[in-house]
file final_2.tsv (TSV, C-alpha atoms (C1' of nucleotides))
chain	number	residue	atom	x	y	z
A	755	MET	CA	56.46	119.77	66.54
A	756	LYS	CA	59.02	121.25	64.16
A	757	PHE	CA	59.74	124.89	63.55
A	758	SER	CA	59.49	125.69	59.86
A	759	THR	CA	62.34	127.08	57.80
A	760	LYS	CA	60.50	130.40	57.84
A	761	VAL	CA	60.94	130.65	61.59
A	762	ARG	CA	64.53	129.46	61.47
A	763	TYR	CA	65.64	131.62	58.56
A	764	GLY	CA	63.75	134.53	60.02
A	765	LEU	CA	65.45	134.21	63.37
A	766	LYS	CA	68.86	133.90	61.75
A	767	ALA	CA	68.23	137.00	59.68
A	768	LEU	CA	67.28	138.90	62.81
A	769	VAL	CA	70.46	137.79	64.50
A	770	ASP	CA	72.42	139.05	61.52
A	771	LEU	CA	70.51	142.32	61.52
A	772	SER	CA	71.13	142.84	65.20
A	773	MET	CA	74.83	142.43	64.59
A	774	ASN	CA	74.87	145.16	61.96
A	775	GLU	CA	76.93	147.90	63.57
A	776	SER	CA	76.63	150.43	60.78
A	777	GLU	CA	73.68	152.75	60.27
A	778	THR	CA	73.01	151.59	56.73
A	779	PRO	CA	70.29	149.01	56.15
A	780	VAL	CA	71.20	145.45	55.23
A	781	MET	CA	70.04	144.07	51.89
A	782	ALA	CA	67.99	140.89	51.64
A	783	SER	CA	70.58	139.51	49.26
A	784	HIS	CA	73.28	140.01	51.85
A	785	LEU	CA	71.29	138.26	54.55
A	786	ALA	CA	70.39	135.43	52.20
A	787	GLU	CA	73.96	134.85	51.17
A	788	LYS	CA	74.97	134.30	54.78
A	789	GLN	CA	72.62	131.39	55.23
A	790	ALA	CA	72.79	129.99	51.73
A	791	VAL	CA	69.09	130.54	51.13
A	792	SER	CA	67.27	131.91	48.10
A	793	VAL	CA	66.93	135.68	48.16
A	794	LYS	CA	63.35	135.60	46.99
A	795	TYR	CA	62.28	133.22	49.71
A	796	LEU	CA	64.00	135.21	52.42
A	797	GLU	CA	62.49	138.43	51.08
A	798	ARG	CA	59.05	137.06	51.77
A	799	ILE	CA	60.01	136.14	55.28
A	800	LEU	CA	61.52	139.57	55.87
A	801	ASN	CA	58.32	141.08	54.58
A	802	SER	CA	56.30	139.22	57.20
A	803	LEU	CA	58.67	140.45	59.88
A	804	LYS	CA	58.23	143.95	58.57
A	805	LYS	CA	54.45	143.76	58.69
A	806	ALA	CA	54.75	142.67	62.30
A	807	GLU	CA	56.89	145.76	62.87
A	808	ILE	CA	59.82	143.71	64.07
A	809	ILE	CA	62.00	145.23	61.37
A	810	LYS	CA	61.79	148.27	59.13
A	811	SER	CA	62.55	148.35	55.43
A	812	VAL	CA	64.04	150.99	53.20
A	813	ARG	CA	62.94	150.65	49.60
A	814	GLY	CA	64.81	151.56	46.47
A	815	CYS	CA	68.48	151.93	45.76
A	816	HIS	CA	70.72	151.31	48.78
A	817	GLY	CA	67.69	150.05	50.63
A	818	GLY	CA	67.43	147.09	52.94
A	819	TYR	CA	66.30	146.18	56.42
A	820	VAL	CA	67.00	147.30	59.97
A	821	LEU	CA	65.70	146.15	63.34
A	822	ASN	CA	62.75	148.14	64.60
A	823	LYS	CA	63.09	147.12	68.26
A	824	LYS	CA	65.76	146.25	70.74
A	825	PRO	CA	66.72	142.55	70.67
A	826	GLU	CA	65.49	142.12	74.24
A	827	ASP	CA	62.05	143.27	73.12
A	828	ILE	CA	61.71	140.68	70.35
A	829	SER	CA	60.55	137.25	71.48
A	830	ILE	CA	60.68	134.06	69.49
A	831	TYR	CA	56.93	133.91	69.95
A	832	GLU	CA	56.57	137.23	68.16
A	833	ILE	CA	58.77	136.00	65.34
A	834	TYR	CA	56.80	132.79	65.08
A	835	VAL	CA	53.47	134.55	64.88
A	836	ALA	CA	54.82	137.04	62.36
A	837	VAL	CA	55.84	134.40	59.85
A	838	GLU	CA	53.43	131.54	60.59
A	839	GLY	CA	50.36	132.96	62.25
A	840	ASP	CA	49.24	132.03	65.73
A	841	ILE	CA	50.44	128.90	67.47
A	842	SER	CA	48.01	126.05	67.90
A	843	VAL	CA	49.15	122.56	68.84
A	844	SER	CA	45.86	121.02	67.74
A	845	PRO	CA	42.64	122.07	66.06
A	846	CYS	CA	41.13	121.88	69.52
A	847	SER	CA	43.49	124.19	71.30
A	848	MET	CA	42.07	127.32	69.76
A	849	GLY	CA	38.52	126.29	70.54
A	850	ASP	CA	37.46	125.36	67.03
A	851	CYS	CA	37.49	121.59	67.16
A	852	PRO	CA	36.01	120.05	64.02
A	853	ARG	CA	34.90	116.87	65.83
A	854	HIS	CA	32.46	118.50	68.15
A	855	ILE	CA	31.32	115.51	70.09
A	856	ALA	CA	34.33	113.21	69.96
A	857	CYS	CA	36.73	115.96	70.89
A	858	TYR	CA	36.95	116.19	74.62
A	859	ALA	CA	40.42	117.51	74.87
A	860	SER	CA	40.23	121.25	74.41
A	861	ASN	CA	41.36	121.89	77.95
A	862	VAL	CA	44.31	119.59	77.60
A	863	TRP	CA	45.58	120.98	74.32
A	864	GLY	CA	44.80	124.49	75.41
A	865	GLU	CA	46.91	124.12	78.53
A	866	ILE	CA	49.84	122.63	76.67
A	867	ASN	CA	49.55	125.27	74.01
A	868	SER	CA	49.73	128.14	76.43
A	869	LYS	CA	52.72	126.62	78.19
A	870	ILE	CA	54.59	126.40	74.90
A	871	VAL	CA	53.61	129.96	74.09
A	872	ASP	CA	55.00	131.05	77.46
A	873	ILE	CA	58.34	129.43	76.72
A	874	LEU	CA	58.58	131.19	73.40
A	875	LYS	CA	57.52	134.53	74.86
A	876	ASP	CA	60.25	134.15	77.43
A	877	TYR	CA	62.97	133.55	74.88
A	878	ASP	CA	64.09	136.82	73.35
A	879	LEU	CA	66.47	137.72	70.57
A	880	ALA	CA	69.04	139.06	73.02
A	881	THR	CA	69.25	135.61	74.59
A	882	VAL	CA	69.62	134.02	71.19
A	883	ILE	CA	72.53	136.32	70.45
A	884	GLU	CA	74.22	135.33	73.70
A	885	ARG	CA	74.01	131.72	72.63
A	886	VAL	CA	75.52	132.56	69.26
A	887	ASP	CA	78.43	134.19	71.00
A	888	ASP	CA	78.83	131.07	73.10
A	889	GLU	CA	79.11	128.94	70.00
A	890	LEU	CA	81.59	131.21	68.35
A	891	SER	CA	83.79	131.34	71.41
A	892	PHE	CA	85.64	128.08	70.95
B	863	MET	CA	53.88	123.13	66.05
B	864	LYS	CA	50.85	120.91	65.65
B	865	PHE	CA	50.31	117.52	67.20
B	866	SER	CA	49.48	114.96	64.55
B	867	THR	CA	46.26	113.00	64.46
B	868	LYS	CA	48.29	109.99	65.60
B	869	VAL	CA	49.05	111.67	68.89
B	870	ARG	CA	45.53	112.97	69.30
B	871	TYR	CA	43.73	109.75	68.37
B	872	GLY	CA	46.23	107.79	70.44
B	873	LEU	CA	45.62	109.90	73.50
B	874	LYS	CA	41.87	109.66	73.08
B	875	ALA	CA	42.09	105.89	72.79
B	876	LEU	CA	44.11	105.74	75.99
B	877	VAL	CA	41.52	107.82	77.78
B	878	ASP	CA	38.84	105.41	76.61
B	879	LEU	CA	40.94	102.43	77.67
B	880	SER	CA	41.52	103.88	81.10
B	881	MET	CA	37.80	104.25	81.53
B	882	ASN	CA	37.18	100.61	80.81
B	883	GLU	CA	35.96	99.21	84.10
B	884	SER	CA	35.62	95.61	83.03
B	885	GLU	CA	38.46	93.11	82.88
B	886	THR	CA	37.91	92.26	79.24
B	887	PRO	CA	40.09	93.94	76.61
B	888	VAL	CA	38.63	96.63	74.36
B	889	MET	CA	38.59	96.07	70.62
B	890	ALA	CA	40.16	98.52	68.18
B	891	SER	CA	36.85	98.70	66.36
B	892	HIS	CA	35.15	99.80	69.55
B	893	LEU	CA	37.70	102.51	70.25
B	894	ALA	CA	37.59	103.69	66.65
B	895	GLU	CA	33.85	103.97	66.63
B	896	LYS	CA	33.95	106.33	69.59
B	897	GLN	CA	36.06	108.87	67.77
B	898	ALA	CA	34.71	108.37	64.28
B	899	VAL	CA	38.07	107.29	62.94
B	900	SER	CA	38.97	104.45	60.61
B	901	VAL	CA	39.63	101.17	62.43
B	902	LYS	CA	42.63	100.35	60.26
B	903	TYR	CA	44.29	103.65	60.99
B	904	LEU	CA	43.70	103.41	64.71
B	905	GLU	CA	44.97	99.82	64.75
B	906	ARG	CA	48.34	101.05	63.61
B	907	ILE	CA	48.43	103.71	66.27
B	908	LEU	CA	47.47	101.18	68.94
B	909	ASN	CA	50.23	98.95	67.68
B	910	SER	CA	52.79	101.68	68.23
B	911	LEU	CA	51.49	102.19	71.74
B	912	LYS	CA	51.79	98.48	72.32
B	913	LYS	CA	55.39	98.37	71.15
B	914	ALA	CA	56.15	101.15	73.60
B	915	GLU	CA	54.56	98.98	76.29
B	916	ILE	CA	51.98	101.60	77.13
B	917	ILE	CA	49.21	99.13	76.39
B	918	LYS	CA	48.97	95.36	76.05
B	919	SER	CA	47.11	93.51	73.34
B	920	VAL	CA	45.25	90.23	73.30
B	921	ARG	CA	45.15	88.64	69.89
B	922	GLY	CA	42.52	86.43	68.39
B	923	CYS	CA	38.90	86.01	69.19
B	924	HIS	CA	37.64	88.24	72.02
B	925	GLY	CA	40.95	90.05	71.91
B	926	GLY	CA	41.61	93.74	72.21
B	927	TYR	CA	43.66	96.19	74.19
B	928	VAL	CA	44.21	97.07	77.85
B	929	LEU	CA	46.39	99.63	79.60
B	930	ASN	CA	49.75	98.31	80.69
B	931	LYS	CA	50.47	101.05	83.24
B	932	LYS	CA	48.62	103.25	85.63
B	933	PRO	CA	47.37	106.48	84.02
B	934	GLU	CA	49.60	108.53	86.31
B	935	ASP	CA	52.62	106.70	84.92
B	936	ILE	CA	51.86	107.50	81.27
B	937	SER	CA	53.02	110.92	80.10
B	938	ILE	CA	52.02	112.67	76.92
B	939	TYR	CA	55.69	112.71	76.05
B	940	GLU	CA	55.76	108.93	76.16
B	941	ILE	CA	52.71	108.75	73.95
B	942	TYR	CA	54.21	111.21	71.50
B	943	VAL	CA	57.47	109.31	71.22
B	944	ALA	CA	55.62	106.02	70.85
B	945	VAL	CA	53.64	107.13	67.82
B	946	GLU	CA	55.92	109.75	66.24
B	947	GLY	CA	59.45	109.10	67.34
B	948	ASP	CA	61.53	111.54	69.33
B	949	ILE	CA	60.66	115.22	69.50
B	950	SER	CA	62.84	117.68	67.65
B	951	VAL	CA	61.75	121.25	67.03
B	952	SER	CA	64.37	121.76	64.34
B	953	PRO	CA	67.00	119.73	62.52
B	954	CYS	CA	69.47	121.53	64.75
B	955	SER	CA	68.01	120.61	68.09
B	956	MET	CA	69.15	117.03	67.96
B	957	GLY	CA	72.66	117.96	66.94
B	958	ASP	CA	72.46	116.97	63.30
B	959	CYS	CA	72.14	120.29	61.56
B	960	PRO	CA	72.46	119.96	57.79
B	961	ARG	CA	73.80	123.48	57.33
B	962	HIS	CA	76.96	123.01	59.29
B	963	ILE	CA	78.42	126.45	59.00
B	964	ALA	CA	75.38	128.66	58.69
B	965	CYS	CA	73.57	126.95	61.53
B	966	TYR	CA	74.53	128.59	64.75
B	967	ALA	CA	71.45	127.85	66.68
B	968	SER	CA	71.78	124.39	68.09
B	969	ASN	CA	71.89	125.72	71.63
B	970	VAL	CA	68.79	127.78	71.11
B	971	TRP	CA	66.68	125.05	69.57
B	972	GLY	CA	68.05	122.50	71.96
B	973	GLU	CA	66.99	124.58	74.95
B	974	ILE	CA	63.51	125.18	73.60
B	975	ASN	CA	63.19	121.55	72.69
B	976	SER	CA	64.01	120.30	76.15
B	977	LYS	CA	61.60	122.76	77.73
B	978	ILE	CA	58.79	121.46	75.56
B	979	VAL	CA	59.78	117.89	76.38
B	980	ASP	CA	59.60	118.78	80.07
B	981	ILE	CA	56.07	120.10	79.69
B	982	LEU	CA	54.96	116.92	77.98
B	983	LYS	CA	56.70	114.69	80.50
B	984	ASP	CA	54.87	116.55	83.23
B	985	TYR	CA	51.47	116.03	81.73
B	986	ASP	CA	50.20	112.54	82.47
B	987	LEU	CA	47.17	110.57	81.42
B	988	ALA	CA	45.61	110.86	84.86
B	989	THR	CA	45.60	114.64	84.47
B	990	VAL	CA	44.05	114.34	81.05
B	991	ILE	CA	41.28	112.24	82.51
B	992	GLU	CA	40.60	114.85	85.17
B	993	ARG	CA	40.17	117.43	82.41
B	994	VAL	CA	37.77	115.15	80.58
B	995	ASP	CA	35.68	114.88	83.72
B	996	ASP	CA	35.69	118.67	83.94
B	997	GLU	CA	34.30	118.93	80.44
B	998	LEU	CA	31.63	116.35	81.05
B	999	SER	CA	30.49	117.98	84.24
B	1000	PHE	CA	28.36	120.71	82.80
C	161	DT	C1'	65.33	162.12	32.87
C	162	DC	C1'	66.48	157.55	32.96
C	163	DC	C1'	68.59	153.53	34.79
C	164	DA	C1'	70.05	150.30	38.12
C	165	DA	C1'	69.17	148.66	42.54
C	166	DT	C1'	66.17	147.27	45.84
C	167	DC	C1'	61.84	146.05	48.20
C	168	DT	C1'	56.69	144.32	47.29
C	169	DA	C1'	53.07	141.39	45.65
C	170	DT	C1'	51.19	137.44	43.78
C	171	DA	C1'	50.86	133.32	41.27
C	172	DC	C1'	52.76	129.08	40.55
C	173	DC	C1'	55.30	124.57	41.12
C	174	DA	C1'	57.86	120.74	43.43
C	175	DA	C1'	59.03	118.04	47.27
C	176	DT	C1'	57.83	116.19	51.52
C	177	DA	C1'	54.99	114.81	55.25
C	178	DT	C1'	50.58	113.53	56.94
C	179	DA	C1'	46.43	111.05	56.84
C	180	DG	C1'	44.07	107.39	55.46
C	181	DT	C1'	43.06	102.76	52.71
C	182	DA	C1'	43.53	97.96	51.46
C	183	DG	C1'	44.54	93.19	51.66
C	184	DG	C1'	45.99	89.59	53.78
C	185	DA	C1'	48.78	86.85	57.40
C	186	DA	C1'	49.01	85.20	62.14
C	187	DA	C1'	46.86	84.07	66.48
C	188	DT	C1'	43.18	82.37	69.45
C	189	DG	C1'	38.78	80.97	71.57
C	190	DT	C1'	34.77	78.08	70.53
D	306	DA	C1'	37.46	74.26	61.02
D	307	DC	C1'	35.98	78.81	61.52
D	308	DA	C1'	34.86	83.35	63.01
D	309	DT	C1'	37.11	86.98	65.22
D	310	DT	C1'	40.57	89.91	66.20
D	311	DT	C1'	45.36	91.77	66.18
D	312	DC	C1'	49.56	92.39	63.20
D	313	DC	C1'	52.19	93.57	59.05
D	314	DT	C1'	53.22	95.98	54.90
D	315	DA	C1'	52.40	98.28	50.74
D	316	DC	C1'	49.88	101.70	48.51
D	317	DT	C1'	47.36	106.23	47.60
D	318	DA	C1'	45.39	110.66	48.32
D	319	DT	C1'	45.65	115.13	50.41
D	320	DA	C1'	47.75	118.94	52.70
D	321	DT	C1'	51.66	121.54	53.97
D	322	DT	C1'	56.08	123.31	53.30
D	323	DG	C1'	59.66	125.04	50.74
D	324	DG	C1'	61.04	127.30	46.92
D	325	DT	C1'	60.75	129.72	42.05
D	326	DA	C1'	59.21	133.07	38.71
D	327	DT	C1'	57.42	137.24	37.04
D	328	DA	C1'	56.07	141.71	37.16
D	329	DG	C1'	55.46	145.98	39.65
D	330	DA	C1'	56.65	149.97	42.87
D	331	DT	C1'	60.09	152.99	44.91
D	332	DT	C1'	64.33	155.33	45.36
D	333	DG	C1'	69.13	157.26	44.66
D	334	DG	C1'	72.24	158.72	41.57
D	335	DA	C1'	74.54	159.40	36.81
call {"tool": "encode", "arguments": {"input": "final_2.tsv", "output": "structure tokens"}}
result
Amino acid sequence: MKFSTKVRYGLKALVDLSMNESETPVMASHLAEKQAVSVKYLERILNSLKKAEIIKSVRGCHGGYVLNKKPEDISIYEIYVAVEGDISVSPCSMGDCPRHIACYASNVWGEINSKIVDILKDYDLATVIERVDDELSF
Amino acid sequence: MKFSTKVRYGLKALVDLSMNESETPVMASHLAEKQAVSVKYLERILNSLKKAEIIKSVRGCHGGYVLNKKPEDISIYEIYVAVEGDISVSPCSMGDCPRHIACYASNVWGEINSKIVDILKDYDLATVIERVDDELSF
DNA sequence: TCCAATCTATACCAATATAGTAGGAAATGT
DNA sequence: ACATTTCCTACTATATTGGTATAGATTGGA
């Protein structure tokens, strides 16, 4: 039940991007430095976010990344799916149980799965940023 | 975000146990056979459930396992914790973030974590059994 | 035009976690 | 005493995650 580093680094990068006041895009290397993570690894994560159209990229010299949506329109669910693929708490929950006969539980896992998805759809980047401000305010 | 086989096999075993009408305990080998899983592996899972006092065991000849609580008093959360230890969606959510400075997100992960815990606390074995009956009824 | 800076793509490797196996010790009914 | 069954612990194989490396494509600017 853990979120991977991809999700966590990705979310952090989005927070940093959303705090970029200037019009110029932010470089991967700059974002990576902030969280003490390898540039190359973060680049791949940013690329997934780009393909999901959560951010835009500018290639070449002075390039970088910018948000492609308002923070309130980016859910943690969206971020998760962008970097990890769809959420499935068990092989059964997506209806492709490998143990056809023994596996009785598709309804159960399916229900739990969709409840977790709902939580993550509810939680948007704007809310995350509020929480960051909270933390910084002491 | 996947549930491990421990959780899934454990839950299935509990369903089977709760359907045991007789007074005699059910052997690990019998439970294992039903889900086509290795006896040795399931034994360990059952042992975790026993230590959490979800089931009782009878050792020796004609021994086996029986439920120690009513199905409506056994939550999936309890089962999860019994076999896997406490739930934590990220290193941050339990307050022991390894990246002290860069990690801002403890509130965020903590909130998500406790919402997931709530879902799993809400979902009890009795409900699971209802779903099983649903599946069997067509 | 050419170079440095930057994103893109893909292949590879290492560390960790999960899943499963094995062997035997301890308990218990017959 | 013995067969049966749970309990304990160490080991191994496999899959997933996390991270690195290399080369290529694109762009702005000297």
call {"tool": "interface_residues", "arguments": {"input": "final_2.tsv", "of": "chain C", "to": "chain B", "cutoff": "12 Å", "atoms": "all atoms listed in the file", "output": "PDB file with C-alpha atoms (C1' of nucleotides), keeping the file's coordinate frame"}}
result
ATOM      1  C1'  DA C 177      54.990 114.810  55.250  1.00  0.00           C
ATOM      2  C1'  DT C 178      50.580 113.530  56.940  1.00  0.00           C
ATOM      3  C1'  DA C 179      46.430 111.050  56.840  1.00  0.00           C
ATOM      4  C1'  DG C 180      44.070 107.390  55.460  1.00  0.00           C
ATOM      5  C1'  DT C 181      43.060 102.760  52.710  1.00  0.00           C
ATOM      6  C1'  DA C 182      43.530  97.960  51.460  1.00  0.00           C
ATOM      7  C1'  DG C 183      44.540  93.190  51.660  1.00  0.00           C
ATOM      8  C1'  DA C 186      49.010  85.200  62.140  1.00  0.00           C
ATOM      9  C1'  DA C 187      46.860  84.070  66.480  1.00  0.00           C
ATOM     10  C1'  DT C 188      43.180  82.370  69.450  1.00  0.00           C
ATOM     11  C1'  DG C 189      38.780  80.970  71.570  1.00  0.00           C
ATOM     12  C1'  DT C 190      34.770  78.080  70.530  1.00  0.00           C
TER      13       DT C 190
END
call {"tool": "interface_residues", "arguments": {"input": "final_2.tsv", "of": "chain A", "to": "chain B", "cutoff": "6 Å", "atoms": "all atoms listed in the file", "output": "CSV table (one decimal) with C-alpha atoms, in the coordinates of the input"}}
result
chain,number,residue,atom,x,y,z
A,755,MET,CA,56.5,119.8,66.5
A,756,LYS,CA,59.0,121.2,64.2
A,757,PHE,CA,59.7,124.9,63.6
A,789,GLN,CA,72.6,131.4,55.2
A,843,VAL,CA,49.2,122.6,68.8
A,844,SER,CA,45.9,121.0,67.7
A,856,ALA,CA,34.3,113.2,70.0
call {"tool": "closest_atom_pairs", "arguments": {"input": "final_2.tsv", "of": "chain D", "to": "chain B", "cutoff": "10 Å", "atoms": "all atoms listed in the file", "output": "Markdown table"}}
result
| residue | atom | partner | partner_atom | distance |
| --- | --- | --- | --- | --- |
| D:DA308 | C1' | B:Cys923 | CA | 7.8 |
| D:DT309 | C1' | B:Cys923 | CA | 4.5 |
| D:DT310 | C1' | B:Gly922 | CA | 4.6 |
| D:DT311 | C1' | B:Arg921 | CA | 4.9 |
| D:DC312 | C1' | B:Asn909 | CA | 8.0 |
| D:DC313 | C1' | B:Arg906 | CA | 9.6 |
call {"tool": "atom_distance", "arguments": {"input": "final_2.tsv", "atom1": "CA of Ile809 (chain A)", "atom2": "CA of Tyr831 (chain A)"}}
result
15.1 Å
call {"tool": "atom_distance", "arguments": {"input": "final_2.tsv", "atom1": "C1' of DC163 (chain C)", "atom2": "C1' of DA335 (chain D)"}}
result
8.6 Å
call {"tool": "atom_distance", "arguments": {"input": "final_2.tsv", "atom1": "CA of Ser802 (chain A)", "atom2": "CA of Met773 (chain A)"}}
result
20.2 Å
call {"tool": "calpha_fit_and_write", "arguments": {"input": "final_2.tsv", "fixed": "chain B", "moving": "chain A", "output": "compact mmCIF listing (two decimals) with C-alpha atoms, keeping the file's coordinate frame"}}
result
# COMPACT_ATOMS: atom_id res chain seq x y z
CA MET A 755 53.87 123.14 66.05
CA LYS A 756 50.84 120.90 65.66
CA PHE A 757 50.28 117.52 67.22
CA SER A 758 49.44 114.96 64.57
CA THR A 759 46.22 112.97 64.48
CA LYS A 760 48.26 109.98 65.61
CA VAL A 761 49.03 111.68 68.90
CA ARG A 762 45.49 112.95 69.32
CA TYR A 763 43.72 109.73 68.40
CA GLY A 764 46.22 107.80 70.45
CA LEU A 765 45.62 109.90 73.52
CA LYS A 766 41.86 109.65 73.12
CA ALA A 767 42.08 105.88 72.81
CA LEU A 768 44.11 105.74 75.99
CA VAL A 769 41.53 107.82 77.78
CA ASP A 770 38.86 105.40 76.62
CA LEU A 771 40.95 102.43 77.67
CA SER A 772 41.55 103.88 81.09
CA MET A 773 37.82 104.24 81.54
CA ASN A 774 37.20 100.58 80.80
CA GLU A 775 35.99 99.21 84.11
CA SER A 776 35.62 95.60 83.04
CA GLU A 777 38.46 93.10 82.88
CA THR A 778 37.90 92.26 79.23
CA PRO A 779 40.07 93.95 76.62
CA VAL A 780 38.62 96.63 74.37
CA MET A 781 38.56 96.05 70.62
CA ALA A 782 40.15 98.48 68.19
CA SER A 783 36.84 98.70 66.38
CA HIS A 784 35.13 99.80 69.56
CA LEU A 785 37.70 102.49 70.24
CA ALA A 786 37.58 103.67 66.65
CA GLU A 787 33.83 103.96 66.63
CA LYS A 788 33.95 106.33 69.58
CA GLN A 789 36.06 108.86 67.76
CA ALA A 790 34.70 108.32 64.28
CA VAL A 791 38.06 107.23 62.92
CA SER A 792 38.97 104.37 60.60
CA VAL A 793 39.63 101.13 62.44
CA LYS A 794 42.65 100.30 60.34
CA TYR A 795 44.30 103.62 61.01
CA LEU A 796 43.68 103.42 64.73
CA GLU A 797 44.98 99.84 64.80
CA ARG A 798 48.33 101.07 63.60
CA ILE A 799 48.43 103.71 66.27
CA LEU A 800 47.48 101.18 68.94
CA ASN A 801 50.24 98.96 67.67
CA SER A 802 52.80 101.70 68.22
CA LEU A 803 51.49 102.19 71.74
CA LYS A 804 51.80 98.49 72.30
CA LYS A 805 55.40 98.38 71.13
CA ALA A 806 56.15 101.16 73.59
CA GLU A 807 54.56 98.97 76.27
CA ILE A 808 51.98 101.59 77.11
CA ILE A 809 49.21 99.11 76.37
CA LYS A 810 48.98 95.36 76.02
CA SER A 811 47.12 93.49 73.31
CA VAL A 812 45.25 90.23 73.30
CA ARG A 813 45.14 88.62 69.88
CA GLY A 814 42.48 86.43 68.39
CA CYS A 815 38.82 86.07 69.14
CA HIS A 816 37.58 88.31 71.96
CA GLY A 817 40.91 90.06 71.88
CA GLY A 818 41.62 93.75 72.18
CA TYR A 819 43.69 96.18 74.18
CA VAL A 820 44.22 97.06 77.83
CA LEU A 821 46.40 99.63 79.57
CA ASN A 822 49.75 98.30 80.67
CA LYS A 823 50.48 101.04 83.22
CA LYS A 824 48.64 103.26 85.61
CA PRO A 825 47.39 106.50 84.00
CA GLU A 826 49.63 108.55 86.28
CA ASP A 827 52.64 106.70 84.89
CA ILE A 828 51.88 107.51 81.25
CA SER A 829 53.03 110.93 80.08
CA ILE A 830 52.02 112.69 76.91
CA TYR A 831 55.70 112.73 76.05
CA GLU A 832 55.77 108.94 76.16
CA ILE A 833 52.71 108.77 73.94
CA TYR A 834 54.22 111.23 71.51
CA VAL A 835 57.46 109.33 71.20
CA ALA A 836 55.61 106.04 70.84
CA VAL A 837 53.64 107.14 67.80
CA GLU A 838 55.91 109.77 66.21
CA GLY A 839 59.45 109.11 67.32
CA ASP A 840 61.51 111.56 69.31
CA ILE A 841 60.64 115.24 69.52
CA SER A 842 62.83 117.69 67.68
CA VAL A 843 61.74 121.27 67.04
CA SER A 844 64.39 121.76 64.36
CA PRO A 845 67.00 119.73 62.53
CA CYS A 846 69.49 121.50 64.77
CA SER A 847 68.01 120.61 68.09
CA MET A 848 69.14 117.02 67.98
CA GLY A 849 72.66 118.00 66.99
CA ASP A 850 72.49 116.94 63.36
CA CYS A 851 72.18 120.26 61.59
CA PRO A 852 72.48 119.88 57.82
CA ARG A 853 73.82 123.43 57.34
CA HIS A 854 76.98 122.98 59.28
CA ILE A 855 78.41 126.43 58.99
CA ALA A 856 75.32 128.60 58.66
CA CYS A 857 73.57 126.91 61.54
CA TYR A 858 74.54 128.60 64.73
CA ALA A 859 71.44 127.89 66.67
CA SER A 860 71.80 124.42 68.12
CA ASN A 861 71.88 125.75 71.65
CA VAL A 862 68.78 127.80 71.13
CA TRP A 863 66.69 125.07 69.57
CA GLY A 864 68.06 122.53 71.97
CA GLU A 865 67.00 124.60 74.96
CA ILE A 866 63.52 125.20 73.61
CA ASN A 867 63.20 121.57 72.70
CA SER A 868 64.03 120.33 76.15
CA LYS A 869 61.61 122.78 77.74
CA ILE A 870 58.80 121.47 75.55
CA VAL A 871 59.78 117.92 76.38
CA ASP A 872 59.60 118.79 80.08
CA ILE A 873 56.07 120.10 79.70
CA LEU A 874 54.97 116.94 77.98
CA LYS A 875 56.71 114.71 80.50
CA ASP A 876 54.89 116.56 83.24
CA TYR A 877 51.47 116.03 81.72
CA ASP A 878 50.22 112.55 82.47
CA LEU A 879 47.18 110.58 81.41
CA ALA A 880 45.62 110.88 84.86
CA THR A 881 45.61 114.65 84.46
CA VAL A 882 44.07 114.35 81.03
CA ILE A 883 41.29 112.25 82.49
CA GLU A 884 40.61 114.88 85.14
CA ARG A 885 40.17 117.43 82.40
CA VAL A 886 37.76 115.14 80.57
CA ASP A 887 35.69 114.86 83.69
CA ASP A 888 35.69 118.64 83.95
CA GLU A 889 34.28 118.94 80.46
CA LEU A 890 31.62 116.37 81.04
CA SER A 891 30.49 117.98 84.26
CA PHE A 892 28.32 120.72 82.82
call {"tool": "residues_around", "arguments": {"input": "final_2.tsv", "residues": "DC173 (chain C)", "least_positions_apart": "6", "cutoff": "10 Å", "atoms": "only C-alpha atoms (C1' of nucleotides)", "output": "CSV table (one decimal) with C-alpha atoms (C1' of nucleotides), in the coordinates of the input"}}
result
chain,number,residue,atom,x,y,z
D,324,DG,C1',61.0,127.3,46.9
D,325,DT,C1',60.8,129.7,42.0
D,326,DA,C1',59.2,133.1,38.7
call {"tool": "residues_around", "arguments": {"input": "final_2.tsv", "residues": "Lys823 (chain A)", "least_positions_apart": "4", "cutoff": "12 Å", "atoms": "all atoms listed in the file", "output": "NGL selection string"}}
result
:A and (768 or 771-772 or 803-804 or 806-810 or 827-829 or 832 or 878-880)
